[in-house]
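K.L.:
First the structure, which I've put down as structure tokens, then a few questions once you've had a look.
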Amino acid sequence: MQGPKSAVARARGDLARRTIGCAAAAALLLAPLAAPGQSQETSGAAFYRGKTLTIIVATKPGGGYDAYARLLAKYLPRYLAGSTVVVRNVPGAGHIIGANEVYNARPDGLTIGTFNKGLIVAQIAGTSGIRFDMTKFTWIGVPDSEARVWIVSKQSPFRTLKDVLEGTRTFTEASNGVGSEDYIDAMVLKNIFGLKALKIVTGYQGSDADLAMLRGEVDGQIGTLSSLEPLVQNEGARIILAIGKARLSRYPDVPLLSEVAPPDKKSLAGLLLSQAVLGHPFGAPPAVPGDRVQALRDAFAAALRGPELRADAARAGLVVDPLDGATTAQLVAEAARPSGDVVALIKAVMAAPGKQ
Amino acid sequence: MLDAVWHGLVLALSWPAIGLVFLAVPIGMLFGAVPGLGGNLGLALAIPFVFGMQPAAGFAFLLGMHSVVHTGGALPGILFGTPGTGPSAAAVPDGYALTRQGQAARAMGAALGASLLGGIVGDLFMAGLIPIVRPVVLAFGPAEVFAVAVFGITLIAAVSRGALLRGLAAGALGLALSTVGLDPQTGINRFGWGQLWLWNGVDLVAVVVGLFGLAEVIELGRHQGAIAQAGERAAYTVRGVLQGVADVRRRAWLCVRCGLIGAFVGLIPGLGGDAASWICYGHAVQTSKHPDTFGRGNVDGVIAPESANHAKEGGSLIPTVAFGVPGSSGMAILLGAFVILGLTPGPMMLVKHLDVVWSMVWVLGLANVVAVIVFLAASGFVARLSFVRVGLIVPFVLVFIGLGSFLSQSAWQNMLVSLGAGALGYAMKRLDYPRAPLIIGLVLGRLAEVNLSLALQLWGWAFVLRPLTGLLLGLTLCSVGVHAWARRRGRASAPAAPPDRGGRQARPAEPGPRAARPQLLFSGGLAAAFCAYLAVALGYPGPARLMPVAVGAAGLALSLGQAAFDLRPQEVRWPAAIQAAEGVAVPAGGDGPLVSGAPDRPGDLGILGWAAALVVLTLLFGFTVSIPAFLVLFLRLRSKEAWPFAVAAAAGAWAFVYLVFAVGMKLSLFSGFVPKLLS
């Protein structure tokens, strides 16, 4: 380390020449001034000293992406010594504006961002306005790899997945809008199980779908376990299917998509799974210098291991179950290069407005 | 129950909760008063501070902050015509007109009196409803929300009295603007032409600061003197404020009604708080004996929206608490705070933590009272600005507008939207087109369309036969019928609009229409715009087309009708407007210069040019350069201030913006295209 600190050290060194005791005292005094772990500070970590790291959030303030970004902004500086971390909201166009902004930022490692992994599907479908390639982001990691669940309301005559598959009457599914994550989930599930009588009602914003279930105007919806669990615990809703790596610990009887999907639909089930576990992904522009990527990934992982962050997250109801950067990159790559029939299905799903 | 009420009061009054309310209220009002910041950003920035607080203390802080945002937003709206938030824009047409007549103090007094009384009504509403909240909230599905939105839209006709055709055309324009963006059902990006920033629709804040704020500043720039036309005679006095408070007492029943409407609108998730103040404004006009005086300084036009703005927070807290389903976007952020503070919203909340729920009711009431004190203190200071000469006020308001239109979505394109809205608003003002209908259309159009689309998907057109939906739609029809009839009768028997009892002036606060040429140009242009809109809309598939085609056809018919009027000789133009202009024309006293006093400066649109220059400077070099450069140039070249003063004022303003936005709130301000290209 060069700079003011070494000047101080030299001055202290002069002092130390007089008495060894003073030198020891000086070392002890200086230790708290230096960053924790300075001894093994890598060149990547050293880069962040005195720099400002910006986390771009592709939504307005409030909501999951914003919450994770602000949580990390609070704790990342501890693991990127000497850095300042700020959050910038770049909302609009279903996360595309924010993702464009991250992708086209200067690749100096001082800009990272978080945006919807559903953009993988948008990219495959060729949505206009996209100026990024999901597979080429420098992925830093995912704080919350979490299962997604399909739930039905208390009033619904459908009680289990079997009821839905038998399809004796129309199942009404609430969704945000065409192209949103829950819409894609529903459309792909419809294809996987060959559901004829699944009607997707689009336009429920935010948690309006929860009320729609309480009023009984829809049968069910799909979302993350943590967001829908209150309906299960307070309002008698039932989970009929989980999209995750393993069975849910609190609901061990709920079948996993990978267990019940027909063999010829495994690739579609895989697409839903890799999307689900990507949670709220964090990425940087392509071609960030390798040592800085390593520093970012290390700090990200270390911050998410920290007990204080976990305590804050638990209090805020945020799941912490991280994926590292390499795994994230691998999952994105798998999901973004699907087989030809999956591509055809996605294009049909995304380009069939109003038709079901 | 009573035990919980009492315990809740103790919680709300305990330390540090009570102190936090006093801290939070001015912060919340600041976030409301600066256009583009808004309460949601305030909450998001405040949430890290409540980690580890006791629930009652945390809520005292967050609710105290959140509930006064729109009260703060009304302050710059009434004083400068530039509202801080969408909902607070509803107080602008009349509040600003009062300020221009030198009655800023009265408008302020009315605003804070109404906010207090309406807020208390909202709190009582919430308190009374806690036991029976569930069935009431669940009765309102998409079909019912659609019916309420339709009722709100019919109020456009009420707000347009005296200029019915022009008002309806402006309403259609607002509805047309509301259809820009992603269609709720098909996901088609309508009228966006690939522009990503238009996906979520036209930004409300960018439109209101342009349509009202910029338009008023352009108007100001044509005159010397101060915003307050009355000159030295009228000043900001406590007596003026008390007059406004007395107005509220006189109109207490209106205030209570609007408080109830506001709380009810807040209660229904999906109806959203933006609608509350506008519905109340429309209600006030509709039920007024002198509807023609609205928009020209009728104090009811301040009382009605202000009583709703605070009351709706009590309402929207109910579904948040009882279902864990937020009643507004701000409540969605608050919901996150519940969990942080260790509370799980939902039915159990009313059983396990009823005392905390009651403490929230008390905090809302308390924040309301504190807000009045802060408002009074701040307004006394800020209102003096309306007596400062225009050349000193205008450049700062322009900077305010530019920053606000950018910050609201962090999109530089919105500065262009504000510029366009400003030109449009100024034209509408000059040509006697009411502007409130445009905003009502913009706010309620999207709401109506989203819920119509949901209802149609769920039940088809048969949804109108659902009992509550049918009832609401039937009531709406009745209300339109009754008022149309009353209006027809009123026009036959009592043609001249008598001046408002409280208002000193009932004539149009803007030049009466004289030359038909600009009128015709505008209505013709409007018709052409609707034609183009309709042509594009017809290209969209089924569900995405429904609303735009209906709105486009109506707008085209209305603007063609208006154009036909404009073709005819001036005397047979719209009777009510003429009567208003002739019957009570140019009263004695010093409030005349708007029409005849100061001569029009050459270059009517000078300020629009300056505003455009500010936007161009910002786009090129970013706010850091454009704000000081613009202020120095404006103060020196246009206002003819001395160099040292111009430089000092610019430096002061720049330091304020930098410290508050960049350092304090860590917002990133637009940095311009030139630095981007150079790097």
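In the structure tokens, chains take letters A, B, ... by order of appearance, with residues numbered from 1 within each chain and ligands from 1 in the order shown.
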If you count only C-alpha atoms, which residues fall within 6 Å of B:Glu313, apart from same-chain ones fewer than 3 positions away, as a count of residues only?

P.N.:
3

K.L.:
Which of stretch 99-140 of chain B end up as alpha helix (DSSP H) when DSSP is run on this backbone - answer as a VMD selection string?

P.N.:
chain B and resid 99 to 100 104 to 129 133 to 138

K.L.:
Can I get the selected residues back with N, CA and C atoms, as a compact mmCIF listing (two decimals), in the first residue's frame?

P.N.:
# COMPACT_ATOMS: atom_id res chain seq x y z
N THR B 99 -53.77 32.70 -4.81
CA THR B 99 -52.47 33.33 -4.58
C THR B 99 -52.27 34.52 -5.51
N ARG B 100 -52.67 34.34 -6.75
CA ARG B 100 -52.50 35.42 -7.71
C ARG B 100 -53.37 36.61 -7.35
N ALA B 104 -52.89 34.34 -0.81
CA ALA B 104 -52.13 33.13 -0.51
C ALA B 104 -52.41 32.65 0.90
N ALA B 105 -52.48 33.59 1.83
CA ALA B 105 -52.68 33.22 3.23
C ALA B 105 -54.00 32.50 3.41
N ARG B 106 -55.03 33.01 2.73
CA ARG B 106 -56.33 32.39 2.86
C ARG B 106 -56.30 30.97 2.28
N ALA B 107 -55.67 30.81 1.11
CA ALA B 107 -55.59 29.49 0.50
C ALA B 107 -54.84 28.53 1.42
N MET B 108 -53.77 29.02 2.03
CA MET B 108 -53.00 28.18 2.95
C MET B 108 -53.84 27.79 4.16
N GLY B 109 -54.53 28.78 4.70
CA GLY B 109 -55.37 28.50 5.86
C GLY B 109 -56.42 27.46 5.53
N ALA B 110 -57.02 27.60 4.35
CA ALA B 110 -58.03 26.64 3.94
C ALA B 110 -57.41 25.26 3.77
N ALA B 111 -56.22 25.22 3.16
CA ALA B 111 -55.57 23.94 2.92
C ALA B 111 -55.28 23.24 4.23
N LEU B 112 -54.73 23.98 5.21
CA LEU B 112 -54.36 23.27 6.42
C LEU B 112 -55.56 22.97 7.30
N GLY B 113 -56.55 23.85 7.27
CA GLY B 113 -57.77 23.53 8.01
C GLY B 113 -58.44 22.29 7.45
N ALA B 114 -58.51 22.22 6.12
CA ALA B 114 -59.16 21.09 5.47
C ALA B 114 -58.36 19.81 5.71
N SER B 115 -57.05 19.94 5.66
CA SER B 115 -56.19 18.79 5.88
C SER B 115 -56.42 18.23 7.28
N LEU B 116 -56.55 19.14 8.25
CA LEU B 116 -56.76 18.72 9.64
C LEU B 116 -58.12 18.05 9.81
N LEU B 117 -59.17 18.74 9.37
CA LEU B 117 -60.51 18.19 9.56
C LEU B 117 -60.69 16.91 8.75
N GLY B 118 -60.26 16.94 7.48
CA GLY B 118 -60.38 15.75 6.64
C GLY B 118 -59.58 14.59 7.21
N GLY B 119 -58.40 14.91 7.72
CA GLY B 119 -57.56 13.86 8.30
C GLY B 119 -58.22 13.22 9.50
N ILE B 120 -58.85 14.04 10.33
CA ILE B 120 -59.52 13.49 11.52
C ILE B 120 -60.69 12.60 11.09
N VAL B 121 -61.42 13.08 10.06
CA VAL B 121 -62.52 12.25 9.55
C VAL B 121 -61.98 10.90 9.05
N GLY B 122 -60.85 10.95 8.34
CA GLY B 122 -60.26 9.72 7.83
C GLY B 122 -59.85 8.78 8.96
N ASP B 123 -59.29 9.36 10.03
CA ASP B 123 -58.89 8.54 11.17
C ASP B 123 -60.10 7.87 11.82
N LEU B 124 -61.16 8.67 12.00
CA LEU B 124 -62.37 8.12 12.61
C LEU B 124 -62.94 7.01 11.73
N PHE B 125 -62.89 7.24 10.42
CA PHE B 125 -63.37 6.25 9.47
C PHE B 125 -62.60 4.95 9.65
N MET B 126 -61.29 5.07 9.72
CA MET B 126 -60.46 3.87 9.89
C MET B 126 -60.79 3.20 11.21
N ALA B 127 -60.88 4.02 12.27
CA ALA B 127 -61.15 3.45 13.58
C ALA B 127 -62.49 2.72 13.59
N GLY B 128 -63.49 3.33 12.98
CA GLY B 128 -64.80 2.72 12.98
C GLY B 128 -64.86 1.46 12.15
N LEU B 129 -64.03 1.40 11.15
CA LEU B 129 -64.12 0.30 10.20
C LEU B 129 -63.30 -0.92 10.62
N VAL B 133 -63.76 -4.56 8.62
CA VAL B 133 -63.05 -4.20 7.40
C VAL B 133 -63.11 -5.27 6.31
N ARG B 134 -63.06 -6.54 6.70
CA ARG B 134 -62.87 -7.59 5.70
C ARG B 134 -63.96 -7.63 4.63
N PRO B 135 -65.22 -7.78 5.02
CA PRO B 135 -66.24 -7.86 3.97
C PRO B 135 -66.29 -6.61 3.09
N VAL B 136 -66.05 -5.46 3.70
CA VAL B 136 -66.13 -4.22 2.91
C VAL B 136 -65.05 -4.22 1.82
N VAL B 137 -63.83 -4.53 2.22
CA VAL B 137 -62.74 -4.50 1.24
C VAL B 137 -62.95 -5.59 0.18
N LEU B 138 -63.39 -6.76 0.64
CA LEU B 138 -63.53 -7.86 -0.32
C LEU B 138 -64.70 -7.65 -1.28

K.L.:
Chain A residues within 6 Å of chain B, counting only C-alpha atoms: which ones, as a PyMOL selection string?

P.N.:
chain A and resi 61-62+93+178+202-203+215+315-316+353-354

K.L.:
Based on the selection just made, write all heavy atoms of those residues as a CSV table (one decimal), in the first residue's frame.

P.N.:
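part25.csv was written with the following content:
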chain,number,residue,atom,x,y,z
A,61,PRO,N,-37.9,2.6,-6.0
A,61,PRO,CA,-37.7,2.3,-4.6
A,61,PRO,C,-38.8,1.4,-4.0
A,61,PRO,O,-40.0,1.6,-4.4
A,61,PRO,CB,-37.6,3.6,-3.9
A,61,PRO,CG,-37.3,4.6,-4.9
A,61,PRO,CD,-37.8,4.1,-6.2
A,62,GLY,N,-38.5,0.5,-3.2
A,62,GLY,CA,-39.5,-0.4,-2.7
A,62,GLY,C,-39.5,-1.7,-3.5
A,62,GLY,O,-39.2,-1.7,-4.7
A,93,ALA,N,-39.8,-0.1,-18.1
A,93,ALA,CA,-39.8,-1.1,-19.2
A,93,ALA,C,-39.5,-2.5,-18.7
A,93,ALA,O,-38.8,-3.2,-19.3
A,93,ALA,CB,-38.8,-0.7,-20.3
A,178,VAL,N,-48.8,-10.2,-19.6
A,178,VAL,CA,-48.2,-11.0,-20.6
A,178,VAL,C,-46.7,-10.7,-20.6
A,178,VAL,O,-46.2,-9.5,-20.5
A,178,VAL,CB,-48.7,-10.6,-22.1
A,178,VAL,CG1,-47.9,-11.4,-23.1
A,178,VAL,CG2,-50.1,-11.0,-22.2
A,202,THR,N,-54.8,-11.7,-17.0
A,202,THR,CA,-53.6,-10.8,-16.8
A,202,THR,C,-54.0,-9.4,-16.4
A,202,THR,O,-55.1,-8.9,-16.8
A,202,THR,CB,-52.8,-10.7,-18.1
A,202,THR,OG1,-53.7,-10.3,-19.2
A,202,THR,CG2,-52.2,-12.0,-18.5
A,203,GLY,N,-53.2,-8.7,-15.7
A,203,GLY,CA,-53.4,-7.3,-15.3
A,203,GLY,C,-53.5,-7.1,-13.8
A,203,GLY,O,-53.8,-6.0,-13.3
A,215,ARG,N,-61.1,-13.0,-2.7
A,215,ARG,CA,-62.5,-12.8,-3.1
A,215,ARG,C,-63.0,-14.0,-3.9
A,215,ARG,O,-64.2,-14.1,-4.1
A,215,ARG,CB,-62.5,-11.6,-4.1
A,215,ARG,CG,-62.3,-10.2,-3.4
A,215,ARG,CD,-62.7,-9.1,-4.4
A,215,ARG,NE,-61.8,-9.1,-5.5
A,215,ARG,CZ,-60.7,-8.3,-5.7
A,215,ARG,NH1,-60.4,-7.4,-4.7
A,215,ARG,NH2,-59.9,-8.3,-6.7
A,315,ARG,N,-35.2,-10.1,9.7
A,315,ARG,CA,-36.2,-9.1,10.2
A,315,ARG,C,-37.1,-8.5,9.1
A,315,ARG,O,-38.2,-8.2,9.3
A,315,ARG,CB,-35.5,-8.0,11.0
A,315,ARG,CG,-36.0,-7.9,12.4
A,315,ARG,CD,-35.3,-6.8,13.1
A,315,ARG,NE,-33.8,-7.1,13.3
A,315,ARG,CZ,-32.9,-6.2,13.5
A,315,ARG,NH1,-33.2,-4.9,13.7
A,315,ARG,NH2,-31.7,-6.6,13.7
A,316,ALA,N,-36.4,-8.4,7.9
A,316,ALA,CA,-37.1,-7.8,6.8
A,316,ALA,C,-37.9,-8.8,6.0
A,316,ALA,O,-38.5,-8.5,5.0
A,316,ALA,CB,-36.2,-7.0,5.9
A,353,PRO,N,-50.5,-12.2,-27.7
A,353,PRO,CA,-51.2,-11.4,-26.8
A,353,PRO,C,-52.7,-11.7,-26.9
A,353,PRO,O,-53.3,-11.7,-27.9
A,353,PRO,CB,-50.9,-10.0,-27.3
A,353,PRO,CG,-50.5,-10.1,-28.7
A,353,PRO,CD,-49.9,-11.4,-28.8
A,354,GLY,N,-53.3,-11.9,-25.7
A,354,GLY,CA,-54.7,-12.0,-25.7
A,354,GLY,C,-55.3,-13.4,-26.1
A,354,GLY,O,-56.4,-13.7,-25.8

K.L.:
Name the residues in contact with B:Gly262 at a cut-off of 7 Å, using only C-alpha atoms, excluding same-chain residues fewer than 6 positions from it; report them as a ChimeraX atom specification.

P.N.:
/B:276-277,308-309,311-312

K.L.:
Mind writing the picked residues with all heavy atoms as a tab-separated table (two decimals), in the first residue's frame?

P.N.:
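Listing of selection_21.tsv after writing:
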chain	number	residue	atom	x	y	z
B	276	ALA	N	-58.06	9.94	-5.25
B	276	ALA	CA	-58.91	10.49	-4.18
B	276	ALA	C	-59.10	12.00	-4.30
B	276	ALA	O	-60.23	12.49	-4.30
B	276	ALA	CB	-58.31	10.14	-2.82
B	277	SER	N	-57.99	12.74	-4.41
B	277	SER	CA	-58.12	14.19	-4.36
B	277	SER	C	-58.86	14.71	-5.59
B	277	SER	O	-59.60	15.68	-5.52
B	277	SER	CB	-56.75	14.84	-4.25
B	277	SER	OG	-55.92	14.40	-5.28
B	308	ALA	N	-59.19	15.35	1.32
B	308	ALA	CA	-59.05	13.95	0.88
B	308	ALA	C	-57.62	13.45	1.03
B	308	ALA	O	-57.39	12.30	1.39
B	308	ALA	CB	-59.49	13.82	-0.58
B	309	ASN	N	-56.67	14.33	0.76
B	309	ASN	CA	-55.28	13.89	0.72
B	309	ASN	C	-54.80	13.25	2.01
B	309	ASN	O	-54.05	12.29	1.99
B	309	ASN	CB	-54.37	15.09	0.39
B	309	ASN	CG	-54.12	15.19	-1.09
B	309	ASN	OD1	-54.36	14.22	-1.80
B	309	ASN	ND2	-53.67	16.33	-1.55
B	311	ALA	N	-56.97	12.23	4.50
B	311	ALA	CA	-57.91	11.21	4.94
B	311	ALA	C	-57.64	9.85	4.30
B	311	ALA	O	-57.85	8.81	4.90
B	311	ALA	CB	-59.33	11.65	4.60
B	312	LYS	N	-57.13	9.88	3.09
B	312	LYS	CA	-56.98	8.60	2.38
B	312	LYS	C	-55.91	7.72	3.02
B	312	LYS	O	-55.92	6.51	2.85
B	312	LYS	CB	-56.69	8.84	0.91
B	312	LYS	CG	-55.29	9.28	0.61
B	312	LYS	CD	-55.04	9.09	-0.88
B	312	LYS	CE	-53.57	9.04	-1.17
B	312	LYS	NZ	-52.90	10.32	-0.93

K.L.:
Which residues are close to A:Ile200, i.e. within 7 Å by only C-alpha atoms, leaving aside same-chain residues fewer than 6 positions away? Reply as a list in words.

P.N.:
Thr172, Glu173, Ala174 and Ser175 of chain A

K.L.:
Hey, can you spit out that residue selection with C-alpha atoms as a PDB file, in the first residue's frame?

P.N.:
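Everything below was put into selection_11.pdb:
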ATOM      1  CA  THR A 172     -58.503 -19.419 -13.426  1.00  0.00           C
ATOM      2  CA  GLU A 173     -54.956 -18.218 -12.807  1.00  0.00           C
ATOM      3  CA  ALA A 174     -54.071 -14.657 -11.778  1.00  0.00           C
ATOM      4  CA  SER A 175     -51.083 -13.080 -13.488  1.00  0.00           C
TER       5      SER A 175
END

K.L.:
Kindly give the distance, in Å, that separates atom CA of B:Gly64 and atom CA of B:Pro83, rounded to a single decimal.

P.N.:
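Spanning atom CA of B:Gly64 to atom CA of B:Pro83 is a straight-line distance of 20.6 Å.
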
K.L.:
Can you measure atom CA of A:Glu101 to atom CA of B:Gly32 for me? One decimal in Å is fine.

P.N.:
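Separation of atom CA of A:Glu101 and atom CA of B:Gly32: 28.1 Å.
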
K.L.:
Can you work out the spacing between atom CA of B:Arg435 and atom CA of B:Phe406 in Å, to one decimal?

P.N.:
22.1 Å

K.L.:
Can I get the residues of stretch 257-328 of chain A within 12 Å of stretch 160-165 of chain A, each with the closest pair of atoms and their distance in Å to one decimal, using only C-alpha atoms, sorted chain first then ascending number, as CSV?

P.N.:
residue,atom,partner,partner_atom,distance
A:Leu257,CA,A:Leu161,CA,10.5
A:Val260,CA,A:Leu161,CA,9.7
A:Ala261,CA,A:Leu165,CA,11.5

K.L.:
Identify which of the residues B:Pro467, B:Gly445, B:Gly28, B:Gly77 lies closest to B:Ala176, counting only C-alpha atoms when measuring atom-to-atom distances.

P.N.:
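Residue with the minimum atom-to-atom distance to B:Ala176: B:Gly445.
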